[in-house]
Each structure stands twice: as structure tokens, then as C-alpha cells.
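Trainee: One structure is given below, represented as C-alpha cells, and several questions about it will come after.
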Amino acid sequence: MNNEIAILIVDDVELIRDSMKQILNELGYFNVFYASNEITAHEVYRNKKIHFVFMDINLGESSGLEVIVELKKYDSNLYAVILSGESNIQNVRKSISLGAKGFIVKPFTRAKIKEVMQAYEK
């Protein structure tokens, strides 16, 4: 059931977090948490049973890719998808090599979020 899947959205832009949450809610995912920076991402990840992470590649002073590597120390099976306005091939390759399961280019669509969540649930 969708509501059992705990999702963490890590992005430093509130509008992105809110838009993502709205789309996830429309798709039936209601167990959604936010983080706007690396520190909060660690806190939420450690304190909640997070199953899925949407991670912005640029988090102000830190890199979402570095945060993914750090979170994988808590759970090597972390399922993370990178969000980025920069879709260059180096970012995509680096994301995948560090364990991300996907890469979504901003601005994202409801269809793309649905596709990613369906892939996760398979």
C-alpha cells in the first residue's frame, strides 16, 4: 500500500518540496517528509523509517550526491532518485555510480514521478 512507503524529499527550494509532496499525495503517497539541507536530511532519515529519497543534486553548500553516500552508511539498500535542473551526462553517470536508482530533470512532471514510484514498487 502506498501509504506505508515513507518518502523523504530533500531540496533547498520550498516550492519544489511542496510541488513534489502534492504530486505524491495525488498518487496516493501520504507518508512524505521534507528536508531542506544535509543536516535535516540526516535527522529525518535516522528518525523515520524512510524507504525512498528524492534528493536535489545542489543543496546550497552541500552536494546531494555526497548526502546520498552518507545516508547509504545507515542503509546500503537506500533507494534514492536524484533531482536536478542540470541534466548533463556527467551528473547522471556520477549519480548512478554513487548508487542512485534514477535521475529526474527539473522541472519534473506528475507522469515522471509516477513512473519512478511504479519502478520502485516493482
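Going by the C-alpha cells order, chains are called A, B, ..., each with residues numbered from 1, while ligands are numbered from 1 in the order shown.
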Going by DSSP on the backbone, which residues of range 5-117 of chain A come out as helix (DSSP H, G or I)? List them as an MDAnalysis selection string.
Mentor: chainID A and resid 14:26 38:47 64:71 89:97 110:117
Trainee: Residues of chain A in strand (DSSP E) according to DSSP, as a PyMOL selection string?
Mentor: chain A and resi 7-10+32-35+52-56+58-59+62-63+79-84+102-105
Trainee: How would the residues just chosen look if you wrote them out with N, CA and C atoms as a PDB file, in the first residue's frame?
Mentor:
```
ATOM      1  N   ILE A   7       8.574   8.472   2.337  1.00  0.00           N
ATOM      2  CA  ILE A   7       9.349   9.167   1.314  1.00  0.00           C
ATOM      3  C   ILE A   7       9.946  10.440   1.910  1.00  0.00           C
ATOM      4  N   LEU A   8      11.219  10.642   1.639  1.00  0.00           N
ATOM      5  CA  LEU A   8      11.917  11.861   2.060  1.00  0.00           C
ATOM      6  C   LEU A   8      12.265  12.677   0.825  1.00  0.00           C
ATOM      7  N   ILE A   9      11.831  13.932   0.826  1.00  0.00           N
ATOM      8  CA  ILE A   9      12.163  14.876  -0.244  1.00  0.00           C
ATOM      9  C   ILE A   9      13.209  15.823   0.304  1.00  0.00           C
ATOM     10  N   VAL A  10      14.392  15.832  -0.315  1.00  0.00           N
ATOM     11  CA  VAL A  10      15.469  16.721   0.126  1.00  0.00           C
ATOM     12  C   VAL A  10      15.743  17.721  -0.987  1.00  0.00           C
ATOM     13  N   VAL A  32       5.003  11.406   3.671  1.00  0.00           N
ATOM     14  CA  VAL A  32       6.044  12.191   2.999  1.00  0.00           C
ATOM     15  C   VAL A  32       6.682  13.159   3.991  1.00  0.00           C
ATOM     16  N   PHE A  33       8.019  13.181   3.986  1.00  0.00           N
ATOM     17  CA  PHE A  33       8.779  14.054   4.879  1.00  0.00           C
ATOM     18  C   PHE A  33       9.668  14.978   4.049  1.00  0.00           C
ATOM     19  N   TYR A  34      10.023  16.114   4.637  1.00  0.00           N
ATOM     20  CA  TYR A  34      10.851  17.121   3.973  1.00  0.00           C
ATOM     21  C   TYR A  34      12.194  17.279   4.663  1.00  0.00           C
ATOM     22  N   ALA A  35      13.159  17.726   3.897  1.00  0.00           N
ATOM     23  CA  ALA A  35      14.410  18.240   4.446  1.00  0.00           C
ATOM     24  C   ALA A  35      14.913  19.291   3.462  1.00  0.00           C
ATOM     25  N   PHE A  52      12.347   5.663   0.622  1.00  0.00           N
ATOM     26  CA  PHE A  52      12.623   6.257  -0.683  1.00  0.00           C
ATOM     27  C   PHE A  52      13.042   7.710  -0.477  1.00  0.00           C
ATOM     28  N   VAL A  53      14.085   8.145  -1.200  1.00  0.00           N
ATOM     29  CA  VAL A  53      14.571   9.519  -1.087  1.00  0.00           C
ATOM     30  C   VAL A  53      14.627  10.169  -2.469  1.00  0.00           C
ATOM     31  N   PHE A  54      13.999  11.339  -2.577  1.00  0.00           N
ATOM     32  CA  PHE A  54      14.207  12.219  -3.720  1.00  0.00           C
ATOM     33  C   PHE A  54      15.231  13.251  -3.261  1.00  0.00           C
ATOM     34  N   MET A  55      16.377  13.333  -3.940  1.00  0.00           N
ATOM     35  CA  MET A  55      17.488  14.180  -3.490  1.00  0.00           C
ATOM     36  C   MET A  55      17.881  15.193  -4.559  1.00  0.00           C
ATOM     37  N   ASP A  56      17.832  16.464  -4.191  1.00  0.00           N
ATOM     38  CA  ASP A  56      18.332  17.513  -5.079  1.00  0.00           C
ATOM     39  C   ASP A  56      19.849  17.381  -5.162  1.00  0.00           C
ATOM     40  N   ASN A  58      21.946  19.804  -5.907  1.00  0.00           N
ATOM     41  CA  ASN A  58      22.570  21.020  -5.351  1.00  0.00           C
ATOM     42  C   ASN A  58      21.786  21.474  -4.134  1.00  0.00           C
ATOM     43  N   LEU A  59      22.385  21.324  -2.966  1.00  0.00           N
ATOM     44  CA  LEU A  59      21.736  21.704  -1.708  1.00  0.00           C
ATOM     45  C   LEU A  59      22.431  22.906  -1.079  1.00  0.00           C
ATOM     46  N   SER A  62      26.050  22.098   0.218  1.00  0.00           N
ATOM     47  CA  SER A  62      26.457  20.698   0.122  1.00  0.00           C
ATOM     48  C   SER A  62      25.906  20.071  -1.151  1.00  0.00           C
ATOM     49  N   SER A  63      26.446  18.919  -1.472  1.00  0.00           N
ATOM     50  CA  SER A  63      26.039  18.185  -2.664  1.00  0.00           C
ATOM     51  C   SER A  63      25.097  17.053  -2.271  1.00  0.00           C
ATOM     52  N   TYR A  79      17.141   3.586  -1.478  1.00  0.00           N
ATOM     53  CA  TYR A  79      16.592   3.809  -2.818  1.00  0.00           C
ATOM     54  C   TYR A  79      16.463   5.312  -2.995  1.00  0.00           C
ATOM     55  N   ALA A  80      17.320   5.871  -3.808  1.00  0.00           N
ATOM     56  CA  ALA A  80      17.345   7.320  -3.996  1.00  0.00           C
ATOM     57  C   ALA A  80      17.264   7.669  -5.471  1.00  0.00           C
ATOM     58  N   VAL A  81      16.542   8.749  -5.744  1.00  0.00           N
ATOM     59  CA  VAL A  81      16.450   9.308  -7.082  1.00  0.00           C
ATOM     60  C   VAL A  81      16.889  10.763  -6.999  1.00  0.00           C
ATOM     61  N   ILE A  82      17.765  11.144  -7.900  1.00  0.00           N
ATOM     62  CA  ILE A  82      18.314  12.497  -7.925  1.00  0.00           C
ATOM     63  C   ILE A  82      17.393  13.432  -8.695  1.00  0.00           C
ATOM     64  N   LEU A  83      17.231  14.640  -8.166  1.00  0.00           N
ATOM     65  CA  LEU A  83      16.509  15.722  -8.836  1.00  0.00           C
ATOM     66  C   LEU A  83      17.523  16.785  -9.212  1.00  0.00           C
ATOM     67  N   SER A  84      17.456  17.266 -10.453  1.00  0.00           N
ATOM     68  CA  SER A  84      18.404  18.306 -10.842  1.00  0.00           C
ATOM     69  C   SER A  84      17.908  19.083 -12.045  1.00  0.00           C
ATOM     70  N   GLY A 102      17.862   6.499 -10.036  1.00  0.00           N
ATOM     71  CA  GLY A 102      17.292   7.261 -11.139  1.00  0.00           C
ATOM     72  C   GLY A 102      17.689   8.720 -11.070  1.00  0.00           C
ATOM     73  N   PHE A 103      17.308   9.443 -12.110  1.00  0.00           N
ATOM     74  CA  PHE A 103      17.662  10.853 -12.247  1.00  0.00           C
ATOM     75  C   PHE A 103      16.484  11.556 -12.903  1.00  0.00           C
ATOM     76  N   ILE A 104      15.943  12.553 -12.234  1.00  0.00           N
ATOM     77  CA  ILE A 104      14.813  13.318 -12.761  1.00  0.00           C
ATOM     78  C   ILE A 104      15.265  14.754 -13.003  1.00  0.00           C
ATOM     79  N   VAL A 105      15.005  15.224 -14.205  1.00  0.00           N
ATOM     80  CA  VAL A 105      15.362  16.597 -14.563  1.00  0.00           C
ATOM     81  C   VAL A 105      14.216  17.528 -14.161  1.00  0.00           C
TER      82      VAL A 105
END
```
Trainee: May I ask which of the residues A:Glu38, A:Glu86, A:Glu66, A:Glu115 is the closest one to Leu24 in chain A, counting only C-alpha atoms?
Mentor: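 Nearest to Leu24 in chain A: A:Glu115.
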Trainee: Counting only C-alpha atoms, which of A:Glu121, A:Glu4, A:Glu70, A:Asp11 gets nearest to Gly85 in chain A?
Mentor: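 Closest candidate: A:Asp11.
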Trainee: How far is it from CA of Ala119 in chain A to CA of Ile39 in chain A, in Å with one decimal?
Mentor: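 Answer for the CA of Ala119 in chain A to CA of Ile39 in chain A separation: 28.3 Å.
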Trainee: Quote the spacing between CA of Asn37 in chain A and CA of Ile57 in chain A in Å to one decimal place.
Mentor: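 About the pair CA of Asn37 in chain A and CA of Ile57 in chain A: they are 11.1 Å apart.
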Trainee: Compare A:Val44, A:Leu98, A:Val92, A:Val116 by their minimum atom-to-atom distance to Ser76 in chain A, counting only C-alpha atoms, and give me the closest one.
Mentor: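 Counting only C-alpha atoms, the residue closest to Ser76 in chain A is A:Leu98.
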Trainee: Counting only C-alpha atoms, figure out which residue out of A:Lys106, A:Arg93, A:Lys48, A:Lys114 gets nearest to Asn2 in chain A.
Mentor: A:Lys114
Trainee: Would you work out the distance separating CA of Leu78 in chain A from CA of Gln118 in chain A, expressed in Å to one decimal?
Mentor: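 Separating CA of Leu78 in chain A from CA of Gln118 in chain A is a distance of 16.5 Å.
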Trainee: Using only C-alpha atoms, pick whichever of A:Gln22, A:Ser95, A:Pro107, A:Tyr29 has the shortest atom-to-atom distance to Leu65 in chain A.
Mentor: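 For Leu65 in chain A, the nearest of the candidates is A:Ser95.
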